[in-house]
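J.: For reference, the file input_37.csv (CSV, N, CA and C atoms) is included below:
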```
chain,number,residue,atom,x,y,z
A,22,MET,N,110.2,89.9,84.7
A,22,MET,CA,108.9,90.6,84.9
A,22,MET,C,108.1,90.6,83.6
A,23,ALA,N,106.9,90.1,83.6
A,23,ALA,CA,106.1,90.2,82.4
A,23,ALA,C,105.6,91.6,82.1
A,24,SER,N,105.5,91.9,80.9
A,24,SER,CA,105.0,93.3,80.5
A,24,SER,C,103.5,93.4,80.9
A,25,LYS,N,103.1,94.5,81.5
A,25,LYS,CA,101.8,94.7,81.9
A,25,LYS,C,101.2,95.9,81.1
A,26,LYS,N,99.9,95.9,80.8
A,26,LYS,CA,99.3,97.0,80.1
A,26,LYS,C,98.8,98.1,81.1
A,27,ILE,N,99.3,99.3,80.9
A,27,ILE,CA,98.9,100.4,81.8
A,27,ILE,C,98.3,101.5,81.0
A,28,LEU,N,97.1,101.9,81.4
A,28,LEU,CA,96.4,103.0,80.8
A,28,LEU,C,96.5,104.3,81.6
A,29,VAL,N,97.0,105.3,81.0
A,29,VAL,CA,97.2,106.6,81.6
A,29,VAL,C,96.1,107.5,81.1
A,30,ILE,N,95.2,108.0,82.0
A,30,ILE,CA,94.1,108.9,81.7
A,30,ILE,C,94.5,110.3,82.2
A,31,ASP,N,94.9,111.2,81.4
A,31,ASP,CA,95.4,112.5,81.8
A,31,ASP,C,95.4,113.4,80.6
A,32,ASP,N,95.0,114.7,80.8
A,32,ASP,CA,94.9,115.6,79.7
A,32,ASP,C,96.2,116.4,79.5
A,33,ASP,N,97.3,116.1,80.2
A,33,ASP,CA,98.6,116.8,80.1
A,33,ASP,C,99.5,116.0,79.2
A,34,PRO,N,99.7,116.3,77.9
A,34,PRO,CA,100.5,115.4,77.1
A,34,PRO,C,101.9,115.3,77.5
A,35,ASP,N,102.5,116.3,78.1
A,35,ASP,CA,103.9,116.3,78.6
A,35,ASP,C,104.0,115.3,79.7
A,36,LEU,N,103.1,115.3,80.7
A,36,LEU,CA,103.1,114.4,81.8
A,36,LEU,C,102.9,113.0,81.3
A,37,VAL,N,101.9,112.8,80.4
A,37,VAL,CA,101.7,111.5,79.8
A,37,VAL,C,103.0,110.9,79.2
A,38,GLU,N,103.7,111.7,78.5
A,38,GLU,CA,104.9,111.3,77.9
A,38,GLU,C,106.0,110.9,78.9
A,39,VAL,N,106.1,111.7,80.0
A,39,VAL,CA,107.0,111.3,81.1
A,39,VAL,C,106.7,110.0,81.7
A,40,ILE,N,105.4,109.8,82.0
A,40,ILE,CA,104.9,108.5,82.5
A,40,ILE,C,105.2,107.4,81.5
A,41,ARG,N,104.9,107.6,80.3
A,41,ARG,CA,105.1,106.6,79.2
A,41,ARG,C,106.6,106.2,79.2
A,42,LEU,N,107.5,107.1,79.1
A,42,LEU,CA,108.9,106.8,79.1
A,42,LEU,C,109.3,106.0,80.3
A,43,THR,N,108.9,106.5,81.5
A,43,THR,CA,109.2,105.8,82.8
A,43,THR,C,108.8,104.4,82.8
A,44,LEU,N,107.5,104.2,82.4
A,44,LEU,CA,106.9,102.8,82.5
A,44,LEU,C,107.4,101.9,81.4
A,45,GLU,N,107.6,102.5,80.2
A,45,GLU,CA,108.2,101.6,79.1
A,45,GLU,C,109.6,101.2,79.4
A,46,ALA,N,110.4,102.1,80.1
A,46,ALA,CA,111.7,101.7,80.5
A,46,ALA,C,111.7,100.5,81.5
A,47,SER,N,110.6,100.4,82.2
A,47,SER,CA,110.4,99.3,83.2
A,47,SER,C,109.8,98.1,82.5
A,48,GLY,N,109.6,98.1,81.2
A,48,GLY,CA,109.0,97.0,80.5
A,48,GLY,C,107.5,96.9,80.3
A,49,HIS,N,106.8,98.0,80.6
A,49,HIS,CA,105.4,98.0,80.5
A,49,HIS,C,104.9,98.5,79.2
A,50,GLU,N,103.7,98.1,78.8
A,50,GLU,CA,103.1,98.7,77.6
A,50,GLU,C,102.1,99.8,78.0
A,51,VAL,N,102.3,101.0,77.5
A,51,VAL,CA,101.5,102.1,77.9
A,51,VAL,C,100.5,102.6,76.9
A,52,PHE,N,99.3,102.8,77.3
A,52,PHE,CA,98.3,103.4,76.5
A,52,PHE,C,97.8,104.7,77.1
A,53,SER,N,97.2,105.6,76.4
A,53,SER,CA,96.7,106.8,77.0
A,53,SER,C,95.4,107.3,76.4
A,54,ALA,N,94.8,108.2,77.3
A,54,ALA,CA,93.5,108.8,76.9
A,54,ALA,C,93.6,110.2,77.5
A,55,ALA,N,93.1,111.2,76.8
A,55,ALA,CA,93.2,112.6,77.3
A,55,ALA,C,92.0,113.1,78.0
A,56,SER,N,91.0,112.3,78.2
A,56,SER,CA,89.8,112.7,79.0
A,56,SER,C,89.2,111.5,79.7
A,57,GLY,N,88.4,111.8,80.6
A,57,GLY,CA,87.7,110.7,81.3
A,57,GLY,C,86.8,109.9,80.4
A,58,THR,N,86.1,110.5,79.5
A,58,THR,CA,85.2,109.8,78.5
A,58,THR,C,86.1,108.9,77.6
A,59,ALA,N,87.1,109.5,77.1
A,59,ALA,CA,88.0,108.7,76.2
A,59,ALA,C,88.7,107.6,77.0
A,60,GLY,N,89.0,107.8,78.3
A,60,GLY,CA,89.6,106.8,79.1
A,60,GLY,C,88.7,105.7,79.4
A,61,LEU,N,87.4,105.9,79.6
A,61,LEU,CA,86.4,104.9,79.9
A,61,LEU,C,86.3,104.0,78.6
A,62,GLU,N,86.3,104.6,77.5
A,62,GLU,CA,86.2,103.8,76.2
A,62,GLU,C,87.5,103.0,76.0
A,63,LYS,N,88.7,103.6,76.4
A,63,LYS,CA,89.9,102.9,76.2
A,63,LYS,C,90.1,101.7,77.2
A,64,VAL,N,89.5,101.8,78.3
A,64,VAL,CA,89.5,100.7,79.3
A,64,VAL,C,88.9,99.5,78.6
A,65,LYS,N,87.7,99.6,77.9
A,65,LYS,CA,87.1,98.5,77.3
A,65,LYS,C,87.9,98.0,76.1
A,66,GLU,N,88.6,98.8,75.4
A,66,GLU,CA,89.4,98.5,74.3
A,66,GLU,C,90.7,97.7,74.7
A,67,VAL,N,91.4,98.3,75.7
A,67,VAL,CA,92.7,97.8,76.1
A,67,VAL,C,92.7,96.7,77.2
A,68,GLU,N,91.7,96.8,78.1
A,68,GLU,CA,91.6,95.9,79.2
A,68,GLU,C,92.9,95.9,80.0
A,69,PRO,N,93.3,97.1,80.5
A,69,PRO,CA,94.6,97.3,81.2
A,69,PRO,C,94.7,96.5,82.5
A,70,ASP,N,96.0,96.3,82.9
A,70,ASP,CA,96.3,95.7,84.2
A,70,ASP,C,96.3,96.7,85.3
A,71,LEU,N,96.4,98.0,84.9
A,71,LEU,CA,96.5,99.1,85.9
A,71,LEU,C,96.0,100.4,85.2
A,72,ILE,N,95.4,101.3,85.9
A,72,ILE,CA,94.9,102.6,85.4
A,72,ILE,C,95.6,103.6,86.2
A,73,ILE,N,96.3,104.6,85.6
A,73,ILE,CA,96.8,105.8,86.2
A,73,ILE,C,95.9,106.9,85.8
A,74,LEU,N,95.2,107.5,86.8
A,74,LEU,CA,94.1,108.4,86.5
A,74,LEU,C,94.3,109.8,87.2
A,75,ASP,N,94.3,110.9,86.4
A,75,ASP,CA,94.4,112.2,86.9
A,75,ASP,C,93.1,112.6,87.5
A,76,VAL,N,93.2,113.5,88.6
A,76,VAL,CA,92.0,114.0,89.2
A,76,VAL,C,91.3,115.0,88.3
A,77,MET,N,92.1,116.1,88.0
A,77,MET,CA,91.5,117.2,87.2
A,77,MET,C,91.8,117.1,85.8
A,78,MET,N,90.8,117.1,84.9
A,78,MET,CA,90.9,117.1,83.5
A,78,MET,C,90.0,118.1,82.9
A,79,ASP,N,89.0,117.7,82.2
A,79,ASP,CA,88.0,118.7,81.6
A,79,ASP,C,87.3,119.5,82.7
A,80,TYR,N,87.1,118.9,83.9
A,80,TYR,CA,86.5,119.5,85.0
A,80,TYR,C,87.2,119.0,86.3
A,81,THR,N,87.1,119.8,87.4
A,81,THR,CA,87.9,119.6,88.6
A,81,THR,C,87.8,118.2,89.2
A,82,THR,N,86.7,117.5,89.1
A,82,THR,CA,86.5,116.2,89.7
A,82,THR,C,86.4,115.1,88.7
A,83,GLU,N,86.8,115.3,87.5
A,83,GLU,CA,86.5,114.3,86.4
A,83,GLU,C,87.1,112.9,86.8
A,84,GLY,N,88.3,112.9,87.4
A,84,GLY,CA,88.9,111.6,87.8
A,84,GLY,C,88.1,110.9,88.8
A,85,PHE,N,87.5,111.7,89.8
A,85,PHE,CA,86.7,111.0,90.8
A,85,PHE,C,85.5,110.3,90.1
A,86,GLN,N,84.9,111.0,89.1
A,86,GLN,CA,83.7,110.5,88.4
A,86,GLN,C,84.1,109.2,87.6
A,87,VAL,N,85.2,109.2,87.0
A,87,VAL,CA,85.7,108.1,86.3
A,87,VAL,C,85.9,106.9,87.2
A,88,SER,N,86.5,107.1,88.4
A,88,SER,CA,86.7,106.0,89.3
A,88,SER,C,85.4,105.5,89.8
A,89,LEU,N,84.4,106.3,90.1
A,89,LEU,CA,83.1,105.9,90.5
A,89,LEU,C,82.4,105.0,89.5
A,90,LYS,N,82.6,105.4,88.2
A,90,LYS,CA,82.0,104.6,87.1
A,90,LYS,C,82.6,103.2,87.0
A,91,LEU,N,84.0,103.2,87.1
A,91,LEU,CA,84.7,102.0,87.0
A,91,LEU,C,84.4,101.0,88.1
A,92,ARG,N,84.2,101.6,89.3
A,92,ARG,CA,84.0,100.7,90.5
A,92,ARG,C,82.5,100.6,90.9
A,93,SER,N,81.6,101.0,90.0
A,93,SER,CA,80.2,100.9,90.3
A,93,SER,C,79.8,99.5,90.8
A,94,PRO,N,79.1,99.4,91.9
A,94,PRO,CA,78.6,98.1,92.4
A,94,PRO,C,77.4,97.6,91.6
A,95,ASP,N,76.8,98.5,90.8
A,95,ASP,CA,75.6,98.1,90.0
A,95,ASP,C,75.9,97.0,89.1
A,96,PRO,N,75.2,95.8,89.3
A,96,PRO,CA,75.5,94.7,88.4
A,96,PRO,C,75.2,94.9,86.9
A,97,ALA,N,74.4,96.0,86.6
A,97,ALA,CA,74.1,96.3,85.3
A,97,ALA,C,75.1,97.3,84.6
A,98,SER,N,76.1,97.7,85.4
A,98,SER,CA,77.1,98.6,84.9
A,98,SER,C,77.9,98.0,83.8
A,99,GLU,N,78.1,98.8,82.8
A,99,GLU,CA,78.9,98.3,81.6
A,99,GLU,C,80.4,98.1,82.0
A,100,TYR,N,80.8,98.6,83.2
A,100,TYR,CA,82.2,98.6,83.7
A,100,TYR,C,82.4,97.5,84.7
A,101,ILE,N,81.5,96.6,85.0
A,101,ILE,CA,81.7,95.5,85.9
A,101,ILE,C,82.9,94.7,85.6
A,102,PRO,N,83.1,94.3,84.3
A,102,PRO,CA,84.2,93.5,83.9
A,102,PRO,C,85.6,94.1,84.3
A,103,TYR,N,85.6,95.4,84.5
A,103,TYR,CA,86.8,96.2,84.7
A,103,TYR,C,86.9,96.7,86.1
A,104,SER,N,86.0,96.3,87.0
A,104,SER,CA,85.9,96.9,88.3
A,104,SER,C,87.1,96.5,89.3
A,105,LYS,N,87.8,95.5,88.9
A,105,LYS,CA,88.9,95.0,89.8
A,105,LYS,C,90.3,95.6,89.4
A,106,ILE,N,90.3,96.3,88.3
A,106,ILE,CA,91.6,96.9,87.8
A,106,ILE,C,92.1,97.9,88.8
A,107,PRO,N,93.3,97.8,89.3
A,107,PRO,CA,93.8,98.8,90.3
A,107,PRO,C,93.9,100.2,89.6
A,108,ILE,N,93.6,101.2,90.4
A,108,ILE,CA,93.6,102.6,90.0
A,108,ILE,C,94.6,103.3,90.9
A,109,LEU,N,95.5,104.0,90.2
A,109,LEU,CA,96.5,104.9,90.9
A,109,LEU,C,96.1,106.3,90.5
A,110,MET,N,95.7,107.1,91.4
A,110,MET,CA,95.3,108.4,91.1
A,110,MET,C,96.4,109.4,91.2
A,111,LEU,N,96.5,110.3,90.2
A,111,LEU,CA,97.5,111.4,90.1
A,111,LEU,C,96.8,112.6,90.7
A,112,THR,N,97.5,113.3,91.6
A,112,THR,CA,96.9,114.5,92.1
A,112,THR,C,98.0,115.6,92.4
A,113,ALA,N,97.6,116.8,92.2
A,113,ALA,CA,98.4,118.0,92.6
A,113,ALA,C,97.5,118.7,93.7
A,114,LEU,N,96.3,118.2,93.9
A,114,LEU,CA,95.4,118.9,94.8
A,114,LEU,C,96.0,119.1,96.2
A,115,HIS,N,96.7,118.1,96.7
A,115,HIS,CA,97.2,118.2,98.1
A,115,HIS,C,98.3,119.3,98.2
A,116,SER,N,99.0,119.6,97.1
A,116,SER,CA,100.0,120.6,97.1
A,116,SER,C,99.5,122.0,96.7
A,117,THR,N,98.4,122.0,96.0
A,117,THR,CA,97.9,123.3,95.5
A,117,THR,C,96.6,123.8,96.3
A,118,THR,N,96.0,122.9,97.0
A,118,THR,CA,94.8,123.3,97.8
A,118,THR,C,94.8,122.8,99.2
A,119,SER,N,93.8,123.2,100.0
A,119,SER,CA,93.7,122.6,101.3
A,119,SER,C,92.9,121.3,101.4
A,120,LEU,N,92.4,120.9,100.2
A,120,LEU,CA,91.6,119.7,100.1
A,120,LEU,C,92.5,118.5,100.5
A,121,ARG,N,91.9,117.6,101.3
A,121,ARG,CA,92.6,116.3,101.6
A,121,ARG,C,91.6,115.2,101.4
A,122,PHE,N,92.1,114.1,100.8
A,122,PHE,CA,91.3,113.0,100.6
A,122,PHE,C,92.1,111.7,100.5
A,123,ALA,N,91.5,110.6,100.7
A,123,ALA,CA,92.2,109.3,100.7
A,123,ALA,C,91.3,108.3,100.0
A,124,PRO,N,91.9,107.2,99.6
A,124,PRO,CA,91.0,106.1,99.0
A,124,PRO,C,89.8,105.8,99.9
A,125,ASP,N,88.7,105.7,99.3
A,125,ASP,CA,87.4,105.4,100.1
A,125,ASP,C,86.5,104.6,99.2
A,126,GLN,N,86.1,103.4,99.6
A,126,GLN,CA,85.3,102.5,98.8
A,126,GLN,C,84.1,103.1,98.2
A,127,ASP,N,83.4,104.0,99.0
A,127,ASP,CA,82.2,104.6,98.5
A,127,ASP,C,82.3,105.9,97.8
A,128,TYR,N,83.3,106.7,98.3
A,128,TYR,CA,83.4,108.1,97.7
A,128,TYR,C,84.5,108.3,96.8
A,129,LEU,N,85.6,107.6,96.9
A,129,LEU,CA,86.8,107.7,96.1
A,129,LEU,C,87.4,106.3,96.0
A,130,PRO,N,86.8,105.5,95.1
A,130,PRO,CA,87.3,104.1,95.0
A,130,PRO,C,88.5,103.9,94.2
A,131,VAL,N,89.7,104.3,94.7
A,131,VAL,CA,90.9,104.1,94.0
A,131,VAL,C,91.8,103.3,95.0
A,132,ASP,N,93.0,102.8,94.5
A,132,ASP,CA,93.8,102.0,95.3
A,132,ASP,C,95.0,102.7,96.0
A,133,ASP,N,95.4,103.8,95.3
A,133,ASP,CA,96.5,104.6,95.9
A,133,ASP,C,96.6,105.9,95.2
A,134,PHE,N,97.4,106.8,95.7
A,134,PHE,CA,97.7,108.1,95.1
A,134,PHE,C,99.1,108.3,94.9
A,135,VAL,N,99.4,109.2,93.9
A,135,VAL,CA,100.8,109.6,93.7
A,135,VAL,C,100.7,111.1,93.4
A,136,GLU,N,101.6,111.9,94.1
A,136,GLU,CA,101.5,113.3,94.0
A,136,GLU,C,102.3,113.8,92.8
A,137,LYS,N,101.8,114.9,92.2
A,137,LYS,CA,102.5,115.7,91.2
A,137,LYS,C,103.3,116.8,91.9
A,138,PRO,N,104.4,117.2,91.5
A,138,PRO,CA,105.2,116.6,90.3
A,138,PRO,C,105.6,115.2,90.6
A,139,LEU,N,105.7,114.4,89.6
A,139,LEU,CA,106.0,113.0,89.7
A,139,LEU,C,107.5,112.8,89.9
A,140,GLU,N,107.8,111.9,90.8
A,140,GLU,CA,109.2,111.4,91.0
A,140,GLU,C,109.2,110.0,90.4
A,141,PRO,N,110.0,109.8,89.3
A,141,PRO,CA,109.9,108.5,88.6
A,141,PRO,C,110.0,107.3,89.5
A,142,GLY,N,111.0,107.3,90.5
A,142,GLY,CA,111.2,106.2,91.4
A,142,GLY,C,109.9,105.9,92.2
A,143,ALA,N,109.3,106.9,92.7
A,143,ALA,CA,108.1,106.7,93.5
A,143,ALA,C,106.9,106.2,92.6
A,144,LEU,N,106.8,106.6,91.4
A,144,LEU,CA,105.8,106.1,90.5
A,144,LEU,C,106.0,104.6,90.2
A,145,ILE,N,107.3,104.3,89.9
A,145,ILE,CA,107.6,102.8,89.7
A,145,ILE,C,107.2,102.0,90.9
A,146,ARG,N,107.6,102.4,92.1
A,146,ARG,CA,107.3,101.7,93.3
A,146,ARG,C,105.8,101.5,93.5
A,147,LYS,N,105.0,102.5,93.3
A,147,LYS,CA,103.6,102.4,93.5
A,147,LYS,C,103.0,101.5,92.4
A,148,VAL,N,103.4,101.6,91.1
A,148,VAL,CA,103.0,100.8,90.1
A,148,VAL,C,103.3,99.3,90.4
A,149,GLU,N,104.5,99.0,90.7
A,149,GLU,CA,104.9,97.6,91.0
A,149,GLU,C,104.1,97.1,92.2
A,150,ALA,N,103.9,97.9,93.2
A,150,ALA,CA,103.1,97.4,94.4
A,150,ALA,C,101.7,97.0,93.9
A,151,LEU,N,101.1,97.9,93.1
A,151,LEU,CA,99.7,97.6,92.7
A,151,LEU,C,99.6,96.5,91.7
A,152,LEU,N,100.7,96.2,91.0
A,152,LEU,CA,100.7,95.1,90.0
A,152,LEU,C,101.1,93.8,90.7
A,153,GLY,N,101.6,93.9,92.0
A,153,GLY,CA,102.0,92.7,92.7
A,153,GLY,C,103.4,92.3,92.2
A,154,GLU,N,104.2,93.2,91.8
A,154,GLU,CA,105.6,92.8,91.3
A,154,GLU,C,106.6,93.0,92.3
```
Would you mind writing the structure in this file as structure tokens?
T.:
Amino acid sequence: MASKKILVIDDDPDLVEVIRLTLEASGHEVFSAASGTAGLEKVKEVEPDLIILDVMMDYTTEGFQVSLKLRSPDPASEYIPYSKIPILMLTALHSTTSLRFAPDQDYLPVDDFVEKPLEPGALIRKVEALLGE
């Protein structure tokens, strides 16, 4: 299995470290950003093979906004070169609120979800599926 670059965008340093250790043990190179704004800049810098994106960071829907920017259909968008990168969204919303959502091309353009608290095996399975491994 070739090493893939994975960008984790999450403001919880402990969770980022758990994800980093899990993914590095599987042979991946892990980068991180602690906010949506920093994550969008890091996407341009790293050009990752996969993005793991938290829903709630500086504000409740920050992850949603980041995914919409990355998947913008606007040909003038600065993120067009990165629009095909798979996005795995991290969420605790399903377990902490009555909100329910699913990937949606127009409103929530992500490829899959993983629930917090993370189970390492489930994370690896979803990452491998999105990377085609």
J.: Using only N, CA and C atoms, which of the listed residues (A:Tyr80, A:Lys25, A:Asp31, A:Leu152) sits closest to Glu50 in chain A?
T.: A:Lys25
J.: Between A:Val135, A:Met78, A:Ile72, A:Ile27, which one has atoms that come closest to Val51 in chain A, using all atoms listed in the file?
T.: A:Ile27
J.: At what distance in Å, to one decimal, does atom N of Lys105 in chain A lie from atom C of Leu139 in chain A?
T.: 26.2 Å
J.: Compute the distance from (95.8, 103.3, 92.9) to each atom, counting only N, CA and C atoms, keep the residues with any atom at most 6 Å away, and return them as a PDB file with N, CA and C atoms, keeping the file's coordinate frame; use the coordinates of the file.
T.:
```
ATOM      1  N   PRO A 107      93.300  97.800  89.300  1.00  0.00           N
ATOM      2  CA  PRO A 107      93.800  98.800  90.300  1.00  0.00           C
ATOM      3  C   PRO A 107      93.900 100.200  89.600  1.00  0.00           C
ATOM      4  N   ILE A 108      93.600 101.200  90.400  1.00  0.00           N
ATOM      5  CA  ILE A 108      93.600 102.600  90.000  1.00  0.00           C
ATOM      6  C   ILE A 108      94.600 103.300  90.900  1.00  0.00           C
ATOM      7  N   LEU A 109      95.500 104.000  90.200  1.00  0.00           N
ATOM      8  CA  LEU A 109      96.500 104.900  90.900  1.00  0.00           C
ATOM      9  C   LEU A 109      96.100 106.300  90.500  1.00  0.00           C
ATOM     10  N   MET A 110      95.700 107.100  91.400  1.00  0.00           N
ATOM     11  CA  MET A 110      95.300 108.400  91.100  1.00  0.00           C
ATOM     12  C   MET A 110      96.400 109.400  91.200  1.00  0.00           C
ATOM     13  N   VAL A 131      89.700 104.300  94.700  1.00  0.00           N
ATOM     14  CA  VAL A 131      90.900 104.100  94.000  1.00  0.00           C
ATOM     15  C   VAL A 131      91.800 103.300  95.000  1.00  0.00           C
ATOM     16  N   ASP A 132      93.000 102.800  94.500  1.00  0.00           N
ATOM     17  CA  ASP A 132      93.800 102.000  95.300  1.00  0.00           C
ATOM     18  C   ASP A 132      95.000 102.700  96.000  1.00  0.00           C
ATOM     19  N   ASP A 133      95.400 103.800  95.300  1.00  0.00           N
ATOM     20  CA  ASP A 133      96.500 104.600  95.900  1.00  0.00           C
ATOM     21  C   ASP A 133      96.600 105.900  95.200  1.00  0.00           C
ATOM     22  N   PHE A 134      97.400 106.800  95.700  1.00  0.00           N
ATOM     23  CA  PHE A 134      97.700 108.100  95.100  1.00  0.00           C
ATOM     24  C   PHE A 134      99.100 108.300  94.900  1.00  0.00           C
TER      25      PHE A 134
END
```
J.: Can you tell me how far CA of Thr112 in chain A sits from CA of Pro96 in chain A, in Å to one decimal?
T.: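 Those two atoms sit 29.4 Å apart.
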J.: So the first atom is atom C of Gly153 in chain A and the second is atom C of Ser47 in chain A; what is the distance between them in Å, to one decimal place?
T.: 13.0 Å
J.: If you run DSSP on the backbone, which residues of chain A are helix (DSSP H, G or I), as a PyMOL selection string?
T.: chain A and resi 34-46+57-67+83-91+101-103+114-117+141-152
J.: With 5 Å of padding per side, what axis-aligned box (centre and edge lengths, Å, one decimal) covers all the listed atoms of range 73-91 of chain A? Give it as AutoDock Vina command-line options.
T.:
```
--center_x 89.4 --center_y 110.4 --center_z 86.2 --size_x 24.8 --size_y 28.8 --size_z 19.2
```
J.: Would you mind telling me which residue in A:Asp32, A:Glu62, A:Glu83, A:Glu68 lies nearest to Pro102 in chain A when using only C-alpha atoms?
T.: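 For Pro102 in chain A, the nearest of the candidates is A:Glu68.
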J.: Could you check the closest approach to Pro138 in chain A for each of A:Ile106, A:Val64, A:Ile73, A:Ala113 and tell me which residue wins, using all atoms listed in the file?
T.: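 Nearest to Pro138 in chain A: A:Ala113.
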J.: Just want the 9 Å neighbourhood of Gly60 in chain A, counted on only C-alpha atoms, with same-chain residues fewer than 5 positions away dropped. Output as a ChimeraX atom specification.
T.: /A:28-31,53-55,65,74,87
J.: Write down as a ChimeraX atom specification the residues of chain A whose backbone DSSP state falls under strand (DSSP E).
T.: /A:26-30,50-54,71-75,108-112,133-136
J.: Write the residues of the preceding selection, restricted to N, CA and C atoms, as an mmCIF file, in the coordinates of the input.
T.:
```
data_model
loop_
_atom_site.group_PDB
_atom_site.id
_atom_site.type_symbol
_atom_site.label_atom_id
_atom_site.label_comp_id
_atom_site.auth_asym_id
_atom_site.auth_seq_id
_atom_site.Cartn_x
_atom_site.Cartn_y
_atom_site.Cartn_z
ATOM 1 N N LYS A 26 99.900 95.900 80.800
ATOM 2 C CA LYS A 26 99.300 97.000 80.100
ATOM 3 C C LYS A 26 98.800 98.100 81.100
ATOM 4 N N ILE A 27 99.300 99.300 80.900
ATOM 5 C CA ILE A 27 98.900 100.400 81.800
ATOM 6 C C ILE A 27 98.300 101.500 81.000
ATOM 7 N N LEU A 28 97.100 101.900 81.400
ATOM 8 C CA LEU A 28 96.400 103.000 80.800
ATOM 9 C C LEU A 28 96.500 104.300 81.600
ATOM 10 N N VAL A 29 97.000 105.300 81.000
ATOM 11 C CA VAL A 29 97.200 106.600 81.600
ATOM 12 C C VAL A 29 96.100 107.500 81.100
ATOM 13 N N ILE A 30 95.200 108.000 82.000
ATOM 14 C CA ILE A 30 94.100 108.900 81.700
ATOM 15 C C ILE A 30 94.500 110.300 82.200
ATOM 16 N N GLU A 50 103.700 98.100 78.800
ATOM 17 C CA GLU A 50 103.100 98.700 77.600
ATOM 18 C C GLU A 50 102.100 99.800 78.000
ATOM 19 N N VAL A 51 102.300 101.000 77.500
ATOM 20 C CA VAL A 51 101.500 102.100 77.900
ATOM 21 C C VAL A 51 100.500 102.600 76.900
ATOM 22 N N PHE A 52 99.300 102.800 77.300
ATOM 23 C CA PHE A 52 98.300 103.400 76.500
ATOM 24 C C PHE A 52 97.800 104.700 77.100
ATOM 25 N N SER A 53 97.200 105.600 76.400
ATOM 26 C CA SER A 53 96.700 106.800 77.000
ATOM 27 C C SER A 53 95.400 107.300 76.400
ATOM 28 N N ALA A 54 94.800 108.200 77.300
ATOM 29 C CA ALA A 54 93.500 108.800 76.900
ATOM 30 C C ALA A 54 93.600 110.200 77.500
ATOM 31 N N LEU A 71 96.400 98.000 84.900
ATOM 32 C CA LEU A 71 96.500 99.100 85.900
ATOM 33 C C LEU A 71 96.000 100.400 85.200
ATOM 34 N N ILE A 72 95.400 101.300 85.900
ATOM 35 C CA ILE A 72 94.900 102.600 85.400
ATOM 36 C C ILE A 72 95.600 103.600 86.200
ATOM 37 N N ILE A 73 96.300 104.600 85.600
ATOM 38 C CA ILE A 73 96.800 105.800 86.200
ATOM 39 C C ILE A 73 95.900 106.900 85.800
ATOM 40 N N LEU A 74 95.200 107.500 86.800
ATOM 41 C CA LEU A 74 94.100 108.400 86.500
ATOM 42 C C LEU A 74 94.300 109.800 87.200
ATOM 43 N N ASP A 75 94.300 110.900 86.400
ATOM 44 C CA ASP A 75 94.400 112.200 86.900
ATOM 45 C C ASP A 75 93.100 112.600 87.500
ATOM 46 N N ILE A 108 93.600 101.200 90.400
ATOM 47 C CA ILE A 108 93.600 102.600 90.000
ATOM 48 C C ILE A 108 94.600 103.300 90.900
ATOM 49 N N LEU A 109 95.500 104.000 90.200
ATOM 50 C CA LEU A 109 96.500 104.900 90.900
ATOM 51 C C LEU A 109 96.100 106.300 90.500
ATOM 52 N N MET A 110 95.700 107.100 91.400
ATOM 53 C CA MET A 110 95.300 108.400 91.100
ATOM 54 C C MET A 110 96.400 109.400 91.200
ATOM 55 N N LEU A 111 96.500 110.300 90.200
ATOM 56 C CA LEU A 111 97.500 111.400 90.100
ATOM 57 C C LEU A 111 96.800 112.600 90.700
ATOM 58 N N THR A 112 97.500 113.300 91.600
ATOM 59 C CA THR A 112 96.900 114.500 92.100
ATOM 60 C C THR A 112 98.000 115.600 92.400
ATOM 61 N N ASP A 133 95.400 103.800 95.300
ATOM 62 C CA ASP A 133 96.500 104.600 95.900
ATOM 63 C C ASP A 133 96.600 105.900 95.200
ATOM 64 N N PHE A 134 97.400 106.800 95.700
ATOM 65 C CA PHE A 134 97.700 108.100 95.100
ATOM 66 C C PHE A 134 99.100 108.300 94.900
ATOM 67 N N VAL A 135 99.400 109.200 93.900
ATOM 68 C CA VAL A 135 100.800 109.600 93.700
ATOM 69 C C VAL A 135 100.700 111.100 93.400
ATOM 70 N N GLU A 136 101.600 111.900 94.100
ATOM 71 C CA GLU A 136 101.500 113.300 94.000
ATOM 72 C C GLU A 136 102.300 113.800 92.800
#
```
J.: Fewer than 4 positions away in the same chain doesn't count, so skip those; otherwise give me all residues within 9 Å of Leu144 in chain A, counting only C-alpha atoms, as a list in words.
T.: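 In the requested form, the answer reads Ile40, Thr43, Leu44, Val135, Leu139, Glu140, Val148 and Glu149 of chain A.
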